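Participant: Next comes target30.txt, compact mmCIF, C-alpha atoms:
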# COMPACT_ATOMS: atom_id res chain seq x y z
CA ALA T 283 -47.04 28.09 -1.93
CA LEU T 284 -44.96 28.64 -5.06
CA ALA T 285 -47.63 30.86 -6.61
CA PHE T 286 -47.84 32.79 -3.35
CA LEU T 287 -44.08 33.32 -3.43
CA LYS T 288 -44.29 34.75 -6.96
CA SER T 289 -47.16 37.12 -6.10
CA LYS T 290 -46.61 40.87 -6.00
CA GLN T 291 -47.75 41.10 -2.40
CA VAL T 292 -45.05 38.65 -1.21
CA ALA T 293 -42.37 40.07 -3.47
CA ALA T 294 -42.77 43.41 -1.73
CA SER T 295 -41.85 41.91 1.65
CA ARG T 296 -38.45 40.26 2.32
CA THR T 297 -39.85 38.65 5.46
CA ALA T 298 -42.70 37.10 3.46
CA VAL T 299 -40.31 35.85 0.76
CA ASN T 300 -38.04 34.26 3.39
CA SER T 301 -41.03 32.60 5.07
CA CYS T 302 -42.21 31.17 1.75
CA LEU T 303 -38.73 29.85 1.00
CA ILE T 304 -38.54 28.13 4.38
CA TYR T 305 -41.98 26.59 3.82
CA LEU T 306 -41.15 25.40 0.30
CA GLY T 307 -37.93 23.84 1.62
CA HIS T 308 -39.92 21.83 4.16
CA LEU T 309 -42.40 20.77 1.47
CA GLY T 310 -39.60 19.70 -0.87
CA THR T 311 -41.36 21.06 -3.95
CA ALA T 312 -39.15 20.35 -6.96
CA GLU T 313 -41.09 22.81 -9.13
CA ALA T 314 -39.82 25.59 -6.88
CA ILE T 315 -36.12 24.93 -7.61
CA PRO T 316 -35.87 27.58 -10.40
CA GLU T 317 -37.35 30.19 -8.06
CA MET T 318 -34.97 29.12 -5.28
CA LEU T 319 -32.04 29.54 -7.64
CA ARG T 320 -33.25 32.99 -8.63
CA ARG T 321 -33.62 34.03 -5.01
CA SER T 322 -30.08 32.78 -4.22
CA SER T 323 -28.41 35.15 -6.71
CA PRO T 324 -25.88 37.74 -5.55
CA GLU T 325 -28.38 40.53 -6.30
CA GLU T 326 -30.62 39.36 -3.46
CA PRO T 327 -30.17 40.22 0.26
CA ARG T 328 -27.88 37.85 2.11
CA ALA T 329 -30.60 36.49 4.42
CA MET T 330 -32.78 35.68 1.43
CA ARG T 331 -29.89 33.97 -0.31
CA ARG T 332 -29.31 31.83 2.75
CA HIS T 333 -32.99 30.83 2.99
CA ALA T 334 -33.09 30.06 -0.73
CA LEU T 335 -30.04 27.80 -0.52
CA LEU T 336 -31.31 26.05 2.60
CA ALA T 337 -34.67 25.53 0.87
CA LEU T 338 -32.83 24.07 -2.11
CA ARG T 339 -30.95 21.67 0.16
CA GLY T 340 -34.22 20.62 1.81
CA THR T 341 -35.89 20.10 -1.55
CA LEU T 342 -33.08 17.89 -2.81
CA GLN T 343 -33.18 15.86 0.45
CA GLY T 344 -29.78 14.28 -0.08
CA GLY T 345 -30.36 13.71 -3.80
CA ARG T 346 -27.94 14.78 -6.50
CA PRO T 347 -28.39 18.33 -7.79
CA SER T 348 -28.97 18.80 -11.50
CA PRO T 349 -26.30 20.29 -13.80
CA ARG T 350 -28.22 23.58 -13.83
CA VAL T 351 -28.18 23.75 -10.04
CA VAL T 352 -24.45 22.96 -9.99
CA GLU T 353 -23.61 25.60 -12.60
CA THR T 354 -25.61 28.20 -10.69
CA ILE T 355 -24.40 27.38 -7.17
CA PHE T 356 -20.73 26.54 -7.78
CA PRO T 357 -19.57 30.17 -8.21
CA TYR T 358 -21.01 30.95 -4.77
CA LEU T 359 -18.07 29.11 -3.21
CA ASP T 360 -16.00 32.25 -3.84
CA ASP T 361 -18.46 34.47 -1.97
CA PRO T 362 -16.95 36.27 1.04
CA ASN T 363 -20.06 35.52 3.12
CA PHE T 364 -19.41 32.04 4.49
CA GLU T 365 -22.33 31.61 6.88
CA ASP T 366 -25.11 32.86 4.61
CA VAL T 367 -23.85 31.73 1.19
CA VAL T 368 -20.83 29.43 1.12
CA GLU T 369 -21.87 27.06 3.88
CA PRO T 370 -25.37 26.28 2.51
CA ALA T 371 -23.96 26.15 -1.03
CA LEU T 372 -21.49 23.49 0.08
CA ALA T 373 -24.36 21.51 1.57
CA VAL T 374 -26.13 21.52 -1.81
CA LEU T 375 -23.00 20.67 -3.84
CA GLU T 376 -21.67 17.94 -1.56
CA ARG T 377 -23.56 15.20 -3.43
CA ALA T 378 -23.05 16.70 -6.86
CA GLU T 379 -21.35 14.73 -9.63
CA LEU T 380 -18.91 17.23 -11.08
CA PRO T 381 -17.70 16.59 -14.65
CA ALA T 382 -14.02 16.74 -15.57
CA ALA T 383 -14.50 20.31 -16.78
CA PHE T 384 -14.68 21.40 -13.13
CA GLU T 385 -11.21 20.03 -12.25
CA LYS T 386 -9.48 23.31 -13.04
CA GLU T 387 -11.90 25.21 -10.82
CA LEU T 388 -11.51 22.66 -8.04
CA GLU T 389 -7.74 23.06 -8.26
CA ARG T 390 -8.21 26.80 -7.83
CA LEU T 391 -10.45 26.24 -4.81
CA LEU T 392 -7.61 24.38 -3.08
CA GLY T 393 -6.43 27.87 -2.26
CA GLY T 394 -9.90 28.98 -1.13
CA ARG T 395 -10.63 31.25 1.81
CA THR T 396 -11.90 28.58 4.21
CA PRO T 397 -10.82 25.06 5.14
CA GLN T 398 -14.35 23.86 4.35
CA VAL T 399 -14.05 24.97 0.74
CA ARG T 400 -10.54 23.54 0.42
CA GLY T 401 -11.69 20.24 1.88
CA PHE T 402 -14.64 20.15 -0.53
CA ALA T 403 -12.27 20.63 -3.45
CA VAL T 404 -10.14 17.68 -2.35
CA ARG T 405 -13.17 15.43 -1.89
CA LYS T 406 -14.51 16.24 -5.33
CA LEU T 407 -11.13 15.73 -6.97
CA SER T 408 -10.95 12.34 -5.28
CA GLU T 409 -14.25 11.36 -6.90
CA SER T 410 -12.87 12.02 -10.38
CA SER T 411 -11.34 9.15 -12.36
CA GLY T 412 -9.31 11.57 -14.48
CA LYS T 413 -5.53 11.66 -14.51
CA ARG T 414 -5.42 15.42 -13.95
CA ALA T 415 -7.38 15.13 -10.71
CA ALA T 416 -5.02 12.44 -9.42
CA GLU T 417 -2.00 14.55 -10.39
CA ILE T 418 -3.38 17.48 -8.41
CA LEU T 419 -3.88 15.27 -5.36
CA VAL T 420 -0.33 13.91 -5.62
CA ARG T 421 1.03 17.48 -5.64
CA LEU T 422 -0.82 18.14 -2.40
CA LEU T 423 1.31 15.51 -0.67
CA ASP T 424 4.16 18.02 -0.54
CA GLY T 425 1.98 21.04 0.18
CA PRO T 426 2.15 23.19 3.33
CA ASP T 427 -1.48 22.62 4.35
CA GLU T 428 -1.49 19.59 6.67
CA ALA T 429 -5.28 19.19 6.51
CA LEU T 430 -5.20 19.11 2.72
CA ARG T 431 -2.31 16.68 2.78
CA ARG T 432 -4.23 14.27 5.01
CA SER T 433 -7.30 14.59 2.80
CA ALA T 434 -5.20 13.93 -0.31
CA VAL T 435 -3.68 10.83 1.30
CA SER T 436 -7.13 9.49 2.13
CA ALA T 437 -8.36 10.18 -1.40
CA LEU T 438 -5.37 8.66 -3.18
CA LYS T 439 -5.62 5.37 -1.27
CA SER T 440 -8.67 4.49 -3.35
CA SER T 441 -7.47 5.96 -6.63
CA PRO T 442 -6.42 3.40 -9.28
CA ARG T 443 -4.25 6.08 -10.89
CA ALA T 444 -2.31 6.81 -7.72
CA PRO T 445 0.38 4.06 -7.96
CA SER T 446 1.63 5.21 -11.37
CA LEU T 447 1.71 8.85 -10.28
CA VAL T 448 3.27 8.22 -6.86
CA LEU T 449 5.92 5.73 -8.07
CA PRO T 450 8.30 8.40 -9.51
CA LYS T 451 8.05 10.32 -6.23
CA LEU T 452 8.76 7.15 -4.26
CA LEU T 453 11.81 6.27 -6.35
CA THR T 454 13.39 9.67 -5.72
CA GLU T 455 12.42 9.91 -2.05
CA LYS T 456 15.53 9.81 0.17
CA ASN T 457 13.84 9.54 3.56
CA ALA T 458 12.95 5.99 4.62
CA ASP T 459 9.99 7.03 6.80
CA ARG T 460 8.56 9.17 4.02
CA ALA T 461 9.04 6.25 1.60
CA TRP T 462 6.94 4.06 3.89
CA GLU T 463 4.18 6.69 3.91
CA LEU T 464 4.08 6.66 0.11
CA VAL T 465 4.05 2.85 0.00
CA HIS T 466 1.12 2.59 2.40
CA LEU T 467 -0.63 5.20 0.31
CA VAL T 468 -0.63 3.14 -2.90
CA LYS T 469 -0.12 -0.50 -2.00
CA GLY T 470 -3.86 -1.24 -2.07
CA GLN T 471 -3.95 -0.33 -5.77
CA ALA T 472 -0.39 -1.43 -6.62
CA GLU T 473 -1.46 -4.38 -8.79
CA GLY T 474 -2.49 -1.80 -11.38
CA LEU T 475 1.13 -0.88 -12.15
CA SER T 476 2.21 -1.70 -15.70
CA ALA T 477 4.84 -4.31 -16.56
CA ALA T 478 7.36 -1.54 -17.27
CA GLU T 479 6.62 0.15 -13.95
CA LEU T 480 6.95 -3.14 -12.07
CA LYS T 481 10.34 -3.70 -13.71
CA VAL T 482 11.53 -0.27 -12.58
CA LEU T 483 10.17 -0.84 -9.05
CA GLY T 484 11.83 -4.27 -8.79
CA ALA T 485 15.18 -2.94 -9.98
CA ALA T 486 15.02 -0.06 -7.49
CA ALA T 487 14.14 -2.42 -4.63
CA VAL T 488 17.02 -4.76 -5.45
CA LYS T 489 19.49 -1.89 -5.82
CA ALA T 490 18.47 -0.43 -2.46
CA LEU T 491 18.73 -3.84 -0.79
CA ASP T 492 22.23 -4.48 -2.12
CA ALA T 493 23.32 -1.00 -1.05
CA GLY T 494 22.04 -1.50 2.50
CA ASP T 495 19.67 1.43 1.98
CA ARG T 496 16.97 1.73 4.68
CA ARG T 497 14.42 2.53 1.97
CA SER T 498 14.77 -1.02 0.66
CA GLU T 499 12.22 -2.37 3.13
CA ALA T 500 9.53 -0.02 1.86
CA LEU T 501 10.37 -0.69 -1.80
CA LEU T 502 10.41 -4.47 -1.25
CA HIS T 503 7.07 -4.28 0.55
CA LEU T 504 5.46 -2.51 -2.40
CA PHE T 505 7.14 -4.84 -4.92
CA ARG T 506 5.67 -7.86 -3.11
CA HIS T 507 2.18 -6.33 -3.00
CA ALA T 508 2.30 -5.21 -6.62
CA ASN T 509 3.63 -8.43 -8.16
CA ALA T 510 3.86 -11.38 -5.78
CA LYS T 511 4.90 -13.83 -8.50
CA GLY T 512 7.56 -11.54 -9.92
CA TYR T 513 8.84 -10.81 -6.43
CA TYR T 514 9.22 -14.52 -5.70
CA GLU T 515 10.90 -15.34 -8.99
CA THR T 516 13.30 -12.41 -8.65
CA PHE T 517 14.65 -13.39 -5.26
CA LEU T 518 14.63 -17.13 -5.85
CA GLY T 519 16.73 -16.55 -8.96
CA ARG T 520 19.07 -14.23 -7.09
CA ALA T 521 19.46 -16.78 -4.29
CA MET T 522 20.41 -19.55 -6.67
CA LYS T 523 22.98 -17.33 -8.40
CA ALA T 524 24.44 -16.36 -5.04
CA LYS T 525 24.62 -20.02 -4.09
CA THR T 526 26.54 -20.85 -7.28
CA ALA T 527 28.95 -18.02 -6.48
CA ARG T 528 29.28 -19.37 -2.91
CA ARG T 529 27.83 -16.19 -1.44
CA TYR T 530 25.78 -18.20 1.01
CA ALA T 531 24.83 -15.34 3.32
CA ASP T 532 23.38 -13.42 0.37
CA ALA T 533 21.51 -16.52 -0.79
CA GLU T 534 20.05 -17.02 2.68
CA ARG T 535 18.96 -13.38 2.85
CA ASP T 536 17.17 -13.55 -0.50
CA LEU T 537 15.45 -16.82 0.38
CA ARG T 538 14.22 -15.39 3.67
CA LEU T 539 12.69 -12.48 1.77
CA ILE T 540 10.38 -14.93 -0.01
CA SER T 541 9.95 -17.48 2.78
CA ARG T 542 6.37 -16.30 3.47
CA SER T 543 5.31 -16.47 -0.16
CA GLU T 544 2.70 -19.03 -1.18
CA GLU T 545 5.13 -20.42 -3.76
CA PHE T 546 7.79 -21.16 -1.14
CA ASP T 547 7.66 -24.97 -1.29
CA ALA T 548 9.63 -27.79 0.34
CA GLY T 549 12.41 -27.49 -2.22
CA ALA T 550 12.86 -23.81 -1.43
CA ARG T 551 12.84 -24.55 2.31
CA PHE T 552 15.55 -27.15 1.72
CA GLN T 553 17.69 -24.52 0.01
CA LEU T 554 17.06 -22.08 2.86
CA GLY T 555 18.18 -24.68 5.39
CA LEU T 556 21.35 -25.38 3.40
CA MET T 557 22.20 -21.71 2.86
CA THR T 558 21.66 -20.98 6.55
CA LEU T 559 23.97 -23.83 7.43
CA LEU T 560 26.63 -22.90 4.89
CA GLY T 561 26.36 -19.25 5.85
CA ALA T 562 27.49 -20.19 9.36
CA GLY T 563 30.96 -21.02 7.97
CA LYS T 564 33.10 -24.14 7.74
CA ASP T 565 34.26 -24.00 11.33
CA ALA T 566 30.84 -23.42 12.91
CA ALA T 567 30.01 -25.55 15.92
CA PRO T 568 26.83 -27.69 16.01
CA ALA T 569 25.64 -25.65 18.99
CA SER T 570 25.89 -22.27 17.24
CA PRO T 571 22.53 -20.49 16.76
CA LYS T 572 23.00 -20.25 13.01
CA VAL T 573 23.65 -23.96 12.65
CA LYS T 574 20.70 -24.84 14.87
CA LEU T 575 18.46 -22.64 12.75
CA GLY T 576 19.52 -24.39 9.56
CA ILE T 577 19.24 -27.85 11.10
CA ASP T 578 15.72 -27.14 12.37
CA ILE T 579 14.62 -26.37 8.81
CA LEU T 580 16.28 -29.49 7.41
CA LEU T 581 15.02 -31.70 10.22
CA GLY T 582 11.42 -30.95 9.32
CA LEU T 583 12.09 -32.01 5.71
CA ALA T 584 14.02 -35.13 6.72
CA GLU T 585 10.96 -36.30 8.64
CA ASP T 586 8.86 -36.21 5.44
CA PRO T 587 9.28 -39.55 3.60
CA ALA T 588 7.83 -38.07 0.42
CA PHE T 589 10.49 -35.36 0.17
CA GLY T 590 13.46 -37.58 -0.72
CA PHE T 591 15.81 -35.84 1.70
CA ALA T 592 18.78 -38.21 1.31
CA ALA T 593 18.81 -37.99 -2.47
CA ARG T 594 18.60 -34.20 -2.43
CA LEU T 595 21.33 -33.93 0.18
CA LYS T 596 23.59 -36.14 -1.91
CA LYS T 597 23.31 -33.68 -4.81
CA GLU T 598 24.48 -30.92 -2.48
CA GLY T 599 27.46 -32.87 -1.12
CA ARG T 600 30.05 -30.87 -3.03
CA ALA T 601 28.74 -27.55 -1.71
CA LEU T 602 28.41 -28.82 1.85
CA GLY T 603 31.74 -30.61 2.02
CA PRO T 604 32.62 -32.94 4.94
CA GLU T 605 32.08 -30.14 7.46
CA GLY T 606 28.56 -29.41 6.22
CA ILE T 607 27.62 -33.08 6.03
CA TYR T 608 28.92 -33.50 9.58
CA LEU T 609 26.71 -30.68 10.84
CA VAL T 610 23.63 -32.13 9.13
CA GLY T 611 24.41 -35.61 10.43
CA PHE T 612 25.05 -34.24 13.93
CA GLY T 613 21.63 -32.61 13.95
CA LEU T 614 19.71 -35.55 12.49
CA VAL T 615 21.30 -38.19 14.67
CA GLU T 616 19.73 -36.51 17.68
CA GLY T 617 16.31 -37.31 16.22
CA THR T 618 14.48 -40.63 16.25
CA GLY T 619 13.66 -43.50 13.92
CA ARG T 620 14.53 -43.07 10.26
CA VAL T 621 15.84 -39.55 10.83
CA LYS T 622 18.33 -40.78 13.42
CA ALA T 623 19.39 -43.60 11.10
CA LEU T 624 19.95 -41.12 8.27
CA GLY T 625 22.06 -38.94 10.56
CA ALA T 626 24.17 -41.91 11.53
CA GLU T 627 24.65 -42.82 7.89
CA LEU T 628 25.87 -39.30 7.11
CA LEU T 629 28.34 -39.32 10.01
CA ARG T 630 29.72 -42.72 8.98
CA GLY T 631 30.28 -41.34 5.50
CA VAL T 632 32.31 -38.46 6.96
CA VAL T 633 34.39 -40.89 9.02
CA LYS T 634 34.98 -43.13 6.03
CA GLN T 635 36.04 -40.21 3.84
CA GLY T 636 38.65 -38.93 6.33
CA PRO T 637 38.98 -40.94 9.54
CA LYS T 638 42.09 -39.01 10.63
CA THR T 639 40.83 -35.53 9.79
CA LYS T 640 39.46 -33.23 12.45
CA VAL T 641 35.92 -33.47 11.13
CA GLY T 642 36.27 -37.25 10.76
CA ARG T 643 37.27 -37.59 14.41
CA MET T 644 34.38 -35.37 15.50
CA ALA T 645 31.94 -37.50 13.50
CA LYS T 646 33.32 -40.66 15.11
CA ALA T 647 33.01 -39.11 18.58
CA LYS T 648 29.36 -38.22 17.96
CA LEU T 649 28.60 -41.76 16.78
CA ASP T 650 30.24 -43.11 19.93
CA THR T 651 28.20 -40.76 22.10
CA GLU T 652 24.96 -41.92 20.46
CA GLY T 653 26.01 -45.58 20.69
CA LEU T 654 25.99 -45.94 16.89
CA SER T 655 29.63 -46.79 16.17
Is it possible to give me this structure as structure tokens?
Facilitator:
Amino acid sequence: ALAFLKSKQVAASRTAVNSCLIYLGHLGTAEAIPEMLRRSSPEEPRAMRRHALLALRGTLQGGRPSPRVVETIFPYLDDPNFEDVVEPALAVLERAELPAAFEKELERLLGGRTPQVRGFAVRKLSESSGKRAAEILVRLLDGPDEALRRSAVSALKSSPRAPSLVLPKLLTEKNADRAWELVHLVKGQAEGLSAAELKVLGAAAVKALDAGDRRSEALLHLFRHANAKGYYETFLGRAMKAKTARRYADAERDLRLISRSEEFDAGARFQLGLMTLLGAGKDAAPASPKVKLGIDILLGLAEDPAFGFAARLKKEGRALGPEGIYLVGFGLVEGTGRVKALGAELLRGVVKQGPKTKVGRMAKAKLDTEGLS
């Protein structure tokens, strides 16, 4: 069939040439690829070019085209004839492995005539591991073409270079919803951020949180995904400093930010219970929601004999004061067994410390109610 195609008799008839090309494409004859490339050149009639490219696609049968095929076919993507030239050329090039040298041309094709060519350029850039390709995709995020933007988002989600390139954009983004879009874009690859980048991200997240900035949620989410250990250590340290400064509400907030972390152990839960309780204020009633929330946390720990609840609570006596001890005792005394006994012991201590004070009288009244006087 190839020899027939090259014969003078066939060459004189376009119809015969097209028929031979169709036949060779069905046969999948690799030896015919050079002739198919020749017949696809711009000097040939458009119908012949189409048949040559379709025959080439059939011959490759989903395989990767050789560098020679790529170098010959790639310029066809600029051809004004989409149906006969560009479309079949795209079908051939779709499985091609394009070297980094093509990145500049792919960038140019982002402004191509048709959405199919522009989409092809994005897909091929996404397959490159080069920094330039990733930078081009990041620039598309702010481009006017919505289809290209969506394609770039999809491509960047699997790019290991994306987090480092998107981070500066995220840090300067003022819109909270847009910040979330950028975070979801890179969080899957966020562990690849460098130590210096993680430090910058953590500082930005903390600054936004303290300022009450709505973007803080997105920044904190990425910080946690990128460096779970650093995230935990950052907010545990902040919570303990806030506790020392008697900023109990801030300490509670920071502890809640890490309460779902794997490292959040019984000791951290104890601190969360205390900070929740202290954050309710000195004059909080036992029935207040905030106090109940703190007591529920502490109650679970008091029921664990291995935790050493009484000893730990004793160390916190100065911070809690009589009012805090009263609230803990009030909550525990409504339990059973050893927990109830511990609650009674705490209330008796409050009574002994100030029997005529308001909190001392309230502790005495609770003991009377429970029949523990």
Participant: What does the structure give for the distance between CA of Asp532 in chain T and CA of Lys481 in chain T, in Å to one decimal?
Facilitator: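 The value is 21.5 Å.
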Participant: Write out as a list of chain:residue names each polymer residue whose atoms come within 12 Å of Arg431 in chain T, counting all atoms listed in the file; drop sequence neighbours fewer than 2 positions from it.
Facilitator: T:Leu392, T:Arg400, T:Gly401, T:Val404, T:Arg405, T:Ile418, T:Leu419, T:Val420, T:Arg421, T:Leu422, T:Leu423, T:Asp424, T:Gly425, T:Pro426, T:Asp427, T:Glu428, T:Ala429, T:Ser433, T:Ala434, T:Val435, T:Ser436, T:Ala437, T:Leu438, T:Glu463, T:Leu467
Participant: Around (18.2, -18.3, 0.5) in the file's frame, which residues reach within 10 Å when counting only C-alpha atoms? Return as a CSV table (one decimal) with C-alpha atoms, keeping the file's coordinate frame?
Facilitator:
chain,number,residue,atom,x,y,z
T,517,PHE,CA,14.6,-13.4,-5.3
T,518,LEU,CA,14.6,-17.1,-5.8
T,519,GLY,CA,16.7,-16.6,-9.0
T,520,ARG,CA,19.1,-14.2,-7.1
T,521,ALA,CA,19.5,-16.8,-4.3
T,522,MET,CA,20.4,-19.6,-6.7
T,524,ALA,CA,24.4,-16.4,-5.0
T,525,LYS,CA,24.6,-20.0,-4.1
T,530,TYR,CA,25.8,-18.2,1.0
T,531,ALA,CA,24.8,-15.3,3.3
T,532,ASP,CA,23.4,-13.4,0.4
T,533,ALA,CA,21.5,-16.5,-0.8
T,534,GLU,CA,20.0,-17.0,2.7
T,535,ARG,CA,19.0,-13.4,2.8
T,536,ASP,CA,17.2,-13.6,-0.5
T,537,LEU,CA,15.4,-16.8,0.4
T,538,ARG,CA,14.2,-15.4,3.7
T,539,LEU,CA,12.7,-12.5,1.8
T,540,ILE,CA,10.4,-14.9,0.0
T,541,SER,CA,10.0,-17.5,2.8
T,550,ALA,CA,12.9,-23.8,-1.4
T,551,ARG,CA,12.8,-24.6,2.3
T,552,PHE,CA,15.6,-27.2,1.7
T,553,GLN,CA,17.7,-24.5,0.0
T,554,LEU,CA,17.1,-22.1,2.9
T,555,GLY,CA,18.2,-24.7,5.4
T,556,LEU,CA,21.4,-25.4,3.4
T,557,MET,CA,22.2,-21.7,2.9
T,558,THR,CA,21.7,-21.0,6.6
T,561,GLY,CA,26.4,-19.2,5.8
Participant: For Val615 in chain T, which residue among T:Ala601, T:Leu309, T:Leu654, T:Ala562 is the nearest when counting all atoms listed in the file?
Facilitator: T:Leu654
Participant: Work out how far apart CA of Ser348 in chain T and CA of Lys439 in chain T are and give it in Å to one decimal.
Facilitator: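 Between CA of Ser348 in chain T and CA of Lys439 in chain T the gap is 28.8 Å.
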Participant: To one decimal place, how far is CA of Ile607 in chain T from CA of Arg620 in chain T in Å?
Facilitator: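 Separation of CA of Ile607 in chain T and CA of Arg620 in chain T: 17.0 Å.
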Participant: Counting all atoms listed in the file, what is within 12 Å of Gly582 in chain T, bar same-chain residues fewer than 2 positions away, as a ChimeraX atom specification?
Facilitator: /T:548,551-552,555,575-580,584-589,591,613-614,617,621
Participant: Just checking: using all atoms listed in the file, which residue out of T:Pro604, T:Ala314, T:Leu303, T:Gly619 ends up closest to Arg643 in chain T?
Facilitator: T:Pro604
